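Trainee: Below you'll find data.csv; it's CSV, C-alpha atoms and all ligand atoms.
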chain,number,residue,atom,x,y,z
A,105,MET,CA,-25.3,-18.0,13.8
A,106,GLU,CA,-28.0,-17.3,11.3
A,107,CYS,CA,-27.7,-14.3,9.0
A,108,LYS,CA,-29.1,-13.2,5.6
A,109,VAL,CA,-25.8,-13.4,3.7
A,110,LYS,CA,-25.3,-17.0,2.5
A,111,ARG,CA,-22.5,-16.3,-0.1
A,112,PHE,CA,-20.0,-13.6,-0.7
A,113,GLY,CA,-17.4,-12.8,-3.3
A,114,ILE,CA,-13.8,-11.9,-2.4
A,115,LEU,CA,-11.2,-10.2,-4.6
A,116,THR,CA,-7.7,-8.7,-4.1
A,117,SER,CA,-6.8,-5.6,-6.1
A,118,GLY,CA,-3.8,-3.3,-6.6
A,119,GLY,CA,-0.2,-3.8,-5.5
A,120,ASP,CA,0.2,-7.1,-3.7
A,121,ALA,CA,1.3,-7.1,-0.1
A,122,PRO,CA,2.4,-9.6,2.6
A,123,GLY,CA,-0.7,-10.6,4.6
A,124,LEU,CA,-3.2,-10.8,1.7
A,125,ASN,CA,-3.5,-14.6,1.9
A,126,ALA,CA,-3.7,-14.5,5.7
A,127,ALA,CA,-6.7,-12.1,5.3
A,128,ILE,CA,-8.4,-14.3,2.7
A,129,ARG,CA,-7.9,-17.4,5.0
A,130,ALA,CA,-9.2,-15.6,8.1
A,131,LEU,CA,-12.3,-14.1,6.4
A,132,CYS,CA,-13.3,-17.3,4.7
A,133,ARG,CA,-12.8,-19.5,7.7
A,134,ALA,CA,-14.5,-17.1,10.1
A,135,ALA,CA,-17.4,-16.7,7.7
A,136,LYS,CA,-17.8,-20.5,7.4
A,137,ASN,CA,-17.3,-21.2,11.1
A,138,GLN,CA,-19.5,-18.4,12.5
A,139,TYR,CA,-22.1,-18.0,9.9
A,140,ASN,CA,-21.9,-21.0,7.5
A,141,MET,CA,-21.3,-18.6,4.6
A,142,GLU,CA,-19.8,-19.8,1.3
A,143,ALA,CA,-16.9,-17.8,-0.3
A,144,VAL,CA,-16.5,-17.2,-4.1
A,145,GLY,CA,-12.9,-16.3,-5.1
A,146,ILE,CA,-12.7,-13.7,-7.8
A,147,PHE,CA,-9.4,-13.8,-9.8
A,148,ASN,CA,-7.2,-10.8,-10.7
A,149,GLY,CA,-9.1,-8.1,-8.9
A,150,TYR,CA,-12.0,-6.3,-10.5
A,151,ARG,CA,-11.0,-7.8,-13.9
A,152,GLY,CA,-12.2,-11.3,-12.7
A,153,LEU,CA,-15.5,-9.8,-11.6
A,154,ILE,CA,-16.0,-8.2,-15.0
A,155,ASN,CA,-15.2,-11.4,-16.9
A,156,GLY,CA,-16.8,-13.8,-14.4
A,157,ASP,CA,-13.4,-15.4,-13.7
A,158,MET,CA,-14.5,-16.9,-10.3
A,159,LYS,CA,-14.8,-20.1,-8.3
A,160,VAL,CA,-16.1,-21.3,-5.0
A,161,LEU,CA,-13.3,-21.6,-2.5
A,162,SER,CA,-12.9,-24.8,-0.5
A,163,GLU,CA,-11.2,-25.3,2.9
A,164,ASN,CA,-8.3,-27.1,1.1
A,165,GLU,CA,-7.4,-23.8,-0.7
A,166,LEU,CA,-7.2,-22.0,2.6
A,167,SER,CA,-4.9,-24.4,4.3
A,168,GLY,CA,-1.4,-23.0,5.0
A,169,LEU,CA,-2.1,-19.6,3.6
A,170,ILE,CA,-1.2,-17.6,6.8
A,171,ALA,CA,2.5,-17.6,6.0
A,172,GLN,CA,2.2,-17.4,2.2
A,173,GLY,CA,3.1,-14.1,0.5
A,174,GLY,CA,1.2,-12.7,-2.5
A,175,THR,CA,-2.4,-13.6,-3.2
A,176,ILE,CA,-3.8,-17.0,-4.3
A,177,LEU,CA,-6.5,-15.0,-6.2
A,178,GLY,CA,-4.1,-12.9,-8.2
A,179,THR,CA,-4.5,-9.1,-8.6
A,180,SER,CA,-4.7,-6.3,-11.1
A,181,ARG,CA,-5.1,-2.6,-11.2
A,182,GLU,CA,-8.3,-2.8,-13.2
A,183,LYS,CA,-10.5,0.3,-12.7
A,184,PRO,CA,-14.1,-0.4,-14.0
A,185,PHE,CA,-15.2,3.2,-13.7
A,186,LYS,CA,-12.2,4.8,-15.3
A,187,ASN,CA,-12.8,5.5,-19.1
A,188,PRO,CA,-15.4,2.6,-19.3
A,189,VAL,CA,-16.0,1.1,-22.8
A,190,VAL,CA,-18.8,-1.3,-23.9
A,191,ASN,CA,-17.5,-4.8,-24.4
A,192,GLU,CA,-18.1,-5.8,-28.0
A,193,ALA,CA,-18.9,-9.4,-27.2
A,194,THR,CA,-21.3,-8.8,-24.4
A,195,GLY,CA,-22.5,-5.3,-25.2
A,196,LEU,CA,-22.0,-4.4,-21.6
A,197,LEU,CA,-20.2,-1.7,-19.7
A,198,PRO,CA,-17.8,-3.0,-17.0
A,199,VAL,CA,-20.1,-2.1,-14.1
A,200,GLU,CA,-23.0,-3.8,-16.0
A,201,ALA,CA,-20.9,-6.9,-16.4
A,202,ILE,CA,-20.0,-6.8,-12.7
A,203,LYS,CA,-23.7,-6.6,-11.7
A,204,GLU,CA,-24.5,-9.5,-14.0
A,205,ASN,CA,-21.8,-11.7,-12.5
A,206,TYR,CA,-22.7,-10.6,-8.9
A,207,LYS,CA,-26.2,-11.9,-9.6
A,208,LYS,CA,-25.2,-14.9,-11.7
A,209,TRP,CA,-23.0,-16.2,-8.9
A,210,ASN,CA,-25.8,-15.5,-6.3
A,211,LEU,CA,-23.5,-13.2,-4.3
A,212,ASP,CA,-25.1,-11.5,-1.3
A,213,ALA,CA,-22.0,-9.4,-0.6
A,214,LEU,CA,-18.6,-8.5,-2.1
A,215,VAL,CA,-15.3,-8.1,-0.1
A,216,CYS,CA,-12.6,-6.0,-1.9
A,217,ILE,CA,-9.1,-6.2,-0.4
A,218,GLY,CA,-6.9,-3.3,-1.6
A,219,GLY,CA,-5.5,0.1,-1.4
A,220,ASN,CA,-6.7,3.6,-2.4
A,221,GLY,CA,-7.7,2.7,-6.0
A,222,THR,CA,-9.5,-0.4,-4.9
A,223,ASN,CA,-11.5,1.4,-2.2
A,224,THR,CA,-12.5,4.1,-4.6
A,225,THR,CA,-14.0,1.5,-6.9
A,226,ALA,CA,-15.5,-0.4,-4.0
A,227,SER,CA,-17.2,2.9,-2.9
A,228,LEU,CA,-18.6,3.4,-6.4
A,229,LEU,CA,-19.9,-0.2,-6.6
A,230,PHE,CA,-21.6,0.3,-3.2
A,231,GLN,CA,-23.3,3.4,-4.6
A,232,SER,CA,-24.3,1.3,-7.6
A,233,GLY,CA,-26.3,-0.9,-5.2
A,234,LEU,CA,-23.9,-3.8,-4.4
A,235,ASN,CA,-23.2,-4.9,-0.8
A,236,VAL,CA,-19.5,-4.1,-0.5
A,237,ILE,CA,-16.9,-4.2,2.3
A,238,GLY,CA,-13.3,-3.0,2.0
A,239,LEU,CA,-10.2,-4.3,3.7
A,240,PRO,CA,-7.1,-2.0,4.1
A,241,LYS,CA,-4.1,-3.5,2.3
A,242,THR,CA,-1.0,-1.7,1.1
A,243,ILE,CA,2.7,-1.5,2.0
A,244,ASP,CA,2.3,2.3,1.7
A,245,ASN,CA,0.1,2.6,4.8
A,246,ASP,CA,-1.6,5.5,3.1
A,247,ILE,CA,-5.3,4.7,3.5
A,248,GLU,CA,-7.3,7.5,5.1
A,249,GLY,CA,-9.3,6.4,8.1
A,250,SER,CA,-7.1,3.4,9.1
A,251,ASP,CA,-4.1,3.8,11.5
A,252,VAL,CA,-2.4,0.9,9.8
A,253,THR,CA,-2.7,-1.4,6.7
A,254,PHE,CA,-1.5,-4.9,6.5
A,255,GLY,CA,1.7,-5.3,4.5
A,256,PHE,CA,3.2,-2.1,5.9
A,257,TYR,CA,5.1,-3.6,8.8
A,258,THR,CA,6.5,-6.5,6.8
A,259,ALA,CA,7.7,-4.1,4.1
A,260,LEU,CA,9.2,-2.0,7.0
A,261,ASP,CA,11.2,-5.1,8.1
A,262,VAL,CA,12.5,-5.6,4.5
A,263,ALA,CA,13.3,-1.9,4.0
A,264,THR,CA,15.1,-1.6,7.3
A,265,ASP,CA,17.2,-4.8,6.6
A,266,ALA,CA,18.2,-3.4,3.3
A,267,ILE,CA,19.3,-0.1,4.9
A,268,ASP,CA,21.3,-2.1,7.5
A,269,ARG,CA,23.1,-4.0,4.7
A,270,ILE,CA,23.8,-0.8,2.8
A,271,HIS,CA,25.4,0.6,6.0
A,272,THR,CA,28.3,-1.8,6.0
A,273,THR,CA,29.2,-1.3,2.4
A,274,ALA,CA,28.9,2.5,2.8
A,275,CYS,CA,31.3,2.4,5.7
A,276,SER,CA,33.7,0.1,4.0
A,277,HIS,CA,34.0,2.3,0.9
A,278,GLY,CA,33.5,5.7,2.5
A,279,ARG,CA,30.6,6.4,0.2
A,280,VAL,CA,27.2,8.3,0.3
A,281,MET,CA,24.6,5.6,-0.3
A,282,ILE,CA,21.1,6.5,-1.4
A,283,VAL,CA,18.4,3.9,-0.7
A,284,GLU,CA,15.1,4.3,-2.6
A,285,ILE,CA,12.1,3.0,-0.7
A,286,MET,CA,8.6,2.4,-2.1
A,287,GLY,CA,5.7,4.8,-1.4
A,288,HIS,CA,4.8,6.9,-4.4
A,289,LYS,CA,2.3,9.2,-2.7
A,290,ALA,CA,3.1,9.0,1.0
A,291,GLY,CA,6.4,8.7,2.9
A,292,TRP,CA,5.4,6.4,5.8
A,293,LEU,CA,7.7,3.5,4.7
A,294,GLY,CA,10.6,5.9,3.9
A,295,LEU,CA,10.3,7.8,7.2
A,296,TYR,CA,9.9,4.7,9.4
A,297,SER,CA,12.6,2.7,7.7
A,298,GLY,CA,14.9,5.7,7.5
A,299,ILE,CA,14.7,6.2,11.3
A,300,ALA,CA,14.9,2.5,12.0
A,301,GLY,CA,17.8,2.0,9.7
A,302,GLY,CA,19.8,5.0,11.1
A,303,GLY,CA,19.5,7.1,8.0
A,304,ASP,CA,21.3,10.5,8.1
A,305,ALA,CA,18.8,12.1,5.7
A,306,ILE,CA,15.3,11.0,4.7
A,307,LEU,CA,13.4,12.5,1.8
A,308,ILE,CA,9.6,12.0,1.7
A,309,PRO,CA,6.8,13.4,-0.6
A,310,GLU,CA,5.4,15.4,2.3
A,311,ILE,CA,8.5,17.6,2.6
A,312,PRO,CA,9.8,18.9,-0.8
A,313,TYR,CA,13.6,18.8,-0.6
A,314,ASP,CA,16.5,21.2,-1.3
A,315,ILE,CA,19.5,19.1,-2.4
A,316,ASN,CA,21.8,21.7,-0.9
A,317,SER,CA,20.3,21.1,2.5
A,318,VAL,CA,21.2,17.4,2.2
A,319,ALA,CA,24.6,18.2,0.8
A,320,LYS,CA,25.3,20.4,3.8
A,321,LYS,CA,24.3,17.6,6.2
A,322,ILE,CA,26.7,15.2,4.4
A,323,LYS,CA,29.6,17.7,4.4
A,324,GLU,CA,29.0,18.3,8.1
A,325,ARG,CA,29.3,14.6,8.8
A,326,LYS,CA,32.5,14.4,6.7
A,327,SER,CA,34.0,17.3,8.6
A,328,SER,CA,33.2,15.5,11.9
A,329,GLY,CA,35.1,12.5,10.7
A,330,LYS,CA,32.2,10.3,9.4
A,331,ASN,CA,33.4,8.9,6.1
A,332,PHE,CA,30.0,7.7,4.9
A,333,SER,CA,26.3,8.8,4.9
A,334,ILE,CA,23.0,7.1,4.3
A,335,VAL,CA,20.3,9.0,2.5
A,336,VAL,CA,16.8,7.3,2.4
A,337,VAL,CA,14.6,8.5,-0.5
A,338,ALA,CA,10.9,7.6,-0.8
A,339,GLU,CA,10.1,7.0,-4.5
A,340,GLY,CA,7.5,9.8,-4.3
A,341,ALA,CA,10.0,12.4,-2.9
A,342,LYS,CA,10.1,15.6,-4.9
A,343,SER,CA,12.4,18.7,-5.0
A,344,LYS,CA,11.1,22.1,-4.0
A,345,GLU,CA,11.0,23.0,-7.7
A,346,GLU,CA,9.0,19.9,-8.6
A,347,SER,CA,6.5,20.7,-5.7
A,348,LEU,CA,5.5,23.9,-7.6
A,349,LEU,CA,4.3,21.8,-10.6
A,350,ASP,CA,0.7,20.8,-10.9
A,351,LYS,CA,-0.1,17.1,-10.7
A,352,LYS,CA,-0.2,16.5,-14.5
A,353,SER,CA,3.1,18.3,-15.1
A,354,PHE,CA,4.8,16.5,-12.3
A,355,LYS,CA,3.6,13.1,-13.6
A,356,LYS,CA,4.8,14.0,-17.1
A,357,ALA,CA,8.2,15.2,-15.8
A,358,ARG,CA,8.6,11.9,-13.9
A,359,ALA,CA,7.5,9.9,-16.9
A,360,VAL,CA,10.4,11.3,-19.0
A,361,MET,CA,13.0,11.2,-16.2
A,362,GLN,CA,15.7,8.9,-17.5
A,363,CYS,CA,16.4,7.3,-14.0
A,364,THR,CA,14.8,6.6,-10.7
A,365,ILE,CA,14.5,9.4,-8.1
A,366,GLY,CA,17.2,7.6,-6.0
A,367,ALA,CA,19.6,7.6,-8.9
A,368,ARG,CA,18.8,11.3,-9.6
A,369,VAL,CA,19.5,12.2,-5.9
A,370,ALA,CA,22.8,10.3,-6.0
A,371,LYS,CA,23.9,12.3,-9.1
A,372,GLU,CA,22.7,15.6,-7.6
A,373,LEU,CA,24.6,14.9,-4.4
A,374,GLU,CA,27.8,13.8,-6.2
A,375,GLU,CA,27.7,17.1,-8.1
A,376,ALA,CA,27.0,19.1,-4.9
A,377,THR,CA,29.6,17.4,-2.6
A,378,GLY,CA,32.2,15.8,-4.9
A,379,PHE,CA,31.8,12.6,-2.8
A,380,GLU,CA,31.2,9.1,-4.3
A,381,CYS,CA,27.5,8.4,-4.3
A,382,ARG,CA,25.7,5.1,-5.2
A,383,ALA,CA,21.9,4.4,-5.3
A,384,THR,CA,20.1,1.2,-4.5
A,385,VAL,CA,16.3,0.6,-5.2
A,386,VAL,CA,14.8,-1.9,-2.7
A,387,GLY,CA,11.8,-2.1,-5.0
A,388,TYR,CA,9.5,-5.1,-5.1
A,389,LEU,CA,11.4,-6.9,-2.3
A,390,GLN,CA,9.2,-4.8,-0.1
A,391,ARG,CA,6.1,-6.4,-1.5
A,392,GLY,CA,7.2,-10.0,-1.6
A,393,GLY,CA,7.7,-12.9,0.7
A,394,THR,CA,6.1,-14.2,3.9
A,395,PRO,CA,4.2,-11.7,6.2
A,396,SER,CA,5.8,-10.9,9.5
A,397,PRO,CA,4.0,-12.3,12.6
A,398,TYR,CA,2.6,-8.8,13.2
A,399,ASP,CA,1.1,-8.7,9.8
A,400,ARG,CA,-0.2,-12.2,10.1
A,401,LEU,CA,-2.0,-11.2,13.3
A,402,LEU,CA,-3.3,-7.9,11.8
A,403,SER,CA,-4.5,-9.5,8.5
A,404,THR,CA,-6.2,-12.4,10.5
A,405,GLN,CA,-7.9,-9.9,12.9
A,406,ILE,CA,-9.1,-7.7,10.0
A,407,GLY,CA,-10.2,-10.7,7.9
A,408,ALA,CA,-12.2,-12.3,10.8
A,409,ALA,CA,-13.8,-8.9,11.6
A,410,ALA,CA,-14.9,-8.6,8.0
A,411,ALA,CA,-17.0,-11.8,8.4
A,412,ASP,CA,-18.9,-10.0,11.3
A,413,PHE,CA,-19.3,-6.9,9.1
A,414,ILE,CA,-20.9,-9.0,6.4
A,415,ALA,CA,-23.2,-10.8,8.9
A,416,GLN,CA,-24.2,-7.5,10.5
A,417,GLU,CA,-24.7,-6.0,7.0
A,418,LYS,CA,-22.2,-3.1,7.7
A,419,PHE,CA,-21.9,-2.6,3.9
A,420,GLY,CA,-20.3,0.4,2.4
A,421,ASN,CA,-17.5,0.4,5.0
A,422,LEU,CA,-13.8,-0.2,5.3
A,423,VAL,CA,-12.7,-2.6,8.1
A,424,ALA,CA,-10.4,0.0,9.6
A,425,VAL,CA,-8.0,0.0,12.6
A,426,GLN,CA,-8.3,3.0,14.9
A,427,ASN,CA,-6.4,3.2,18.2
A,428,GLY,CA,-5.9,-0.6,18.2
A,429,LYS,CA,-9.6,-1.3,17.6
A,430,ILE,CA,-11.5,-2.5,14.5
A,431,LYS,CA,-13.9,0.3,13.3
A,432,PRO,CA,-16.2,0.7,10.3
A,433,VAL,CA,-15.2,3.7,8.2
A,434,PRO,CA,-17.4,4.7,5.3
A,435,LEU,CA,-15.9,3.9,1.9
A,436,ASP,CA,-17.1,7.2,0.5
A,437,TYR,CA,-15.0,8.9,3.2
A,438,VAL,CA,-11.9,6.9,2.3
A,439,ALA,CA,-12.4,7.1,-1.5
A,440,GLY,CA,-10.1,9.5,-3.4
A,441,LYS,CA,-7.9,10.3,-0.4
A,442,VAL,CA,-4.3,9.6,0.5
A,443,LYS,CA,-3.2,9.5,4.2
A,444,ASN,CA,-0.1,11.6,4.1
A,445,ILE,CA,2.2,12.1,7.1
A,446,PRO,CA,1.1,15.1,9.1
A,447,LEU,CA,4.1,17.5,9.4
A,448,ASP,CA,3.5,17.6,13.2
A,449,HIS,CA,3.6,13.7,13.4
A,450,PRO,CA,5.7,12.5,16.4
A,451,MET,CA,8.0,10.5,14.1
A,452,ILE,CA,8.8,13.7,12.1
A,453,LYS,CA,9.7,15.4,15.5
A,454,THR,CA,11.8,12.3,16.4
A,455,ALA,CA,13.7,12.5,13.2
A,456,ARG,CA,14.4,16.2,13.7
A,457,ASP,CA,15.3,15.7,17.4
A,458,LEU,CA,18.0,13.2,16.2
A,459,GLY,CA,19.4,15.7,13.7
A,460,ILE,CA,18.2,13.7,10.7
A,461,CYS,CA,18.0,16.0,7.6
A,462,LEU,CA,14.5,15.9,6.0
A,463,GLY,CA,15.6,18.0,3.1
A,464,ASP,CA,14.1,21.3,4.2
B,1,LIG,O1,0.9,0.9,-3.8
B,1,LIG,C1,2.0,0.0,-3.4
B,1,LIG,C2,3.1,0.2,-4.4
B,1,LIG,O2,4.1,-0.8,-4.0
B,1,LIG,C3,3.8,1.5,-4.4
B,1,LIG,O3,4.6,1.7,-3.2
B,1,LIG,C4,4.5,1.5,-5.6
B,1,LIG,O4,4.9,2.7,-6.1
B,1,LIG,C5,3.5,0.8,-6.6
B,1,LIG,O5,2.7,-0.1,-5.7
B,1,LIG,C6,4.1,0.0,-7.7
B,1,LIG,O6,3.1,-0.3,-8.5
B,1,LIG,P1,3.2,-1.6,-9.6
B,1,LIG,O7,3.2,-2.8,-8.7
B,1,LIG,O8,2.0,-1.5,-10.4
B,1,LIG,O9,4.5,-1.4,-10.3
For this file, write the structure as structure tokens.
Ligand code: F6P
Mentor:
Amino acid sequence: MECKVKRFGILTSGGDAPGLNAAIRALCRAAKNQYNMEAVGIFNGYRGLINGDMKVLSENELSGLIAQGGTILGTSREKPFKNPVVNEATGLLPVEAIKENYKKWNLDALVCIGGNGTNTTASLLFQSGLNVIGLPKTIDNDIEGSDVTFGFYTALDVATDAIDRIHTTACSHGRVMIVEIMGHKAGWLGLYSGIAGGGDAILIPEIPYDINSVAKKIKERKSSGKNFSIVVVAEGAKSKEESLLDKKSFKKARAVMQCTIGARVAKELEEATGFECRATVVGYLQRGGTPSPYDRLLSTQIGAAAADFIAQEKFGNLVAVQNGKIKPVPLDYVAGKVKNIPLDHPMIKTARDLGICLGD
């Protein structure tokens, strides 16, 4: 089919996630097959666009990507609009360099695959006059406007498997095991893996916790003959006291905390219950490895839809998923927001119905 766009740039930015390569493959193949568009790969997120670190992608580079974790383009957390400084060599501000390279490489559009930080920059680039499309990627599933992001369900598989494995050692040693799950601003991964993994307590950023409430739950289990407990803690979980701090003070307090939140909760629970507590941080295992079949399908669907968005010139939008359908959501609506778990979310109710302690 004919369309105005002949060539687009593609970059991946922010934390990597399973499904990124599947999305790159689907977008580039669909754009070529449907619209005869050419793809220019941009390396290491926005940094590559600032420095002109780019190359035309060939079909060979796309082959076999669907099952490959990570991103062949590399990524970074570069934020061109945050505290911009003029480059001494070029005399340009980052956004000026971006516009120069966008023109130099004859790009008719730019596809940015990332999370909240990426979409905020994408929105600002759109407002600066570039034809930009965003794709929702993050294991945190915290992008406003999209029911789901690719990477989340693979990370959920990994996190749940980790909790299952911790279960057997907790039971064998009669310990309280704390499992720290990624998600520094929203607790989707912690809540879902905590329920799927049979956690007894789940602490998430959305519900500031009282350690005594968790200790009570563990002691009740002990009295009923359960010799172990599993406590799932999202890395963004905060105590009731910490929830009273402003953002800056909270960030400062966490920066000087001499251990992870999981280790801190383990220490607090050991002091409050007298039981042996151990912490495990699942960490970057949740970001690595091959995408699950679900995420391969989701990334492929979103990537292929992005080709249509470009051809139809639906610029300034995120290729979002709503009620199982692909929908354009304005980037300036998504920018600067975090999709937290609503306190009346059905999964919160399910957790409470099962008697899982949520720290309140
Ligand atoms: O945003 C995804 C995420 O994995 C968060 O869950 C985590 O806190 C963060 O990235 C880690 O960032 P980095 O990879 O820069 O250490």
Trainee: List the spatial neighbours of stretch 208-222 of chain A as number ranges by chain - criterion: any atom at most 8 Å away, all atoms listed in the file, same-chain residues fewer than 4 positions off excluded.
Mentor: A: 109-119, 124, 181, 183, 204, 226, 234-242, 246-247, 414, 438-442
Trainee: As a PyMOL selection string, please: the residues near A:Ser297 (cut-off 7 Å, all atoms listed in the file, same-chain neighbours under 4 positions excluded).
Mentor: chain A and resi 260+263-264+293+301
Trainee: Could you give me the residues within 9 Å of ligand LIG 1 (chain B), counting all atoms listed in the file, as a ChimeraX atom specification?
Mentor: /A:118-121,180-181,219-220,242-246,285-290,293,338-340,387-388,390-391
Trainee: Using only C-alpha atoms, can you tell me which of A:Val189, A:Leu229, A:Arg325, A:Ala411 comes closest to A:Met141?
Mentor: A:Ala411
Trainee: To one decimal place, how far is atom CA of A:Gly294 from atom CA of A:Pro450 in Å?
Mentor: 15.0 Å
Trainee: I'd like to know which of A:Gln362, A:Thr194, A:Asn444, A:Thr273 is closest to A:Thr384, using only C-alpha atoms.
Mentor: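 Nearest candidate to A:Thr384 out of A:Gln362, A:Thr194, A:Asn444, A:Thr273: A:Thr273.
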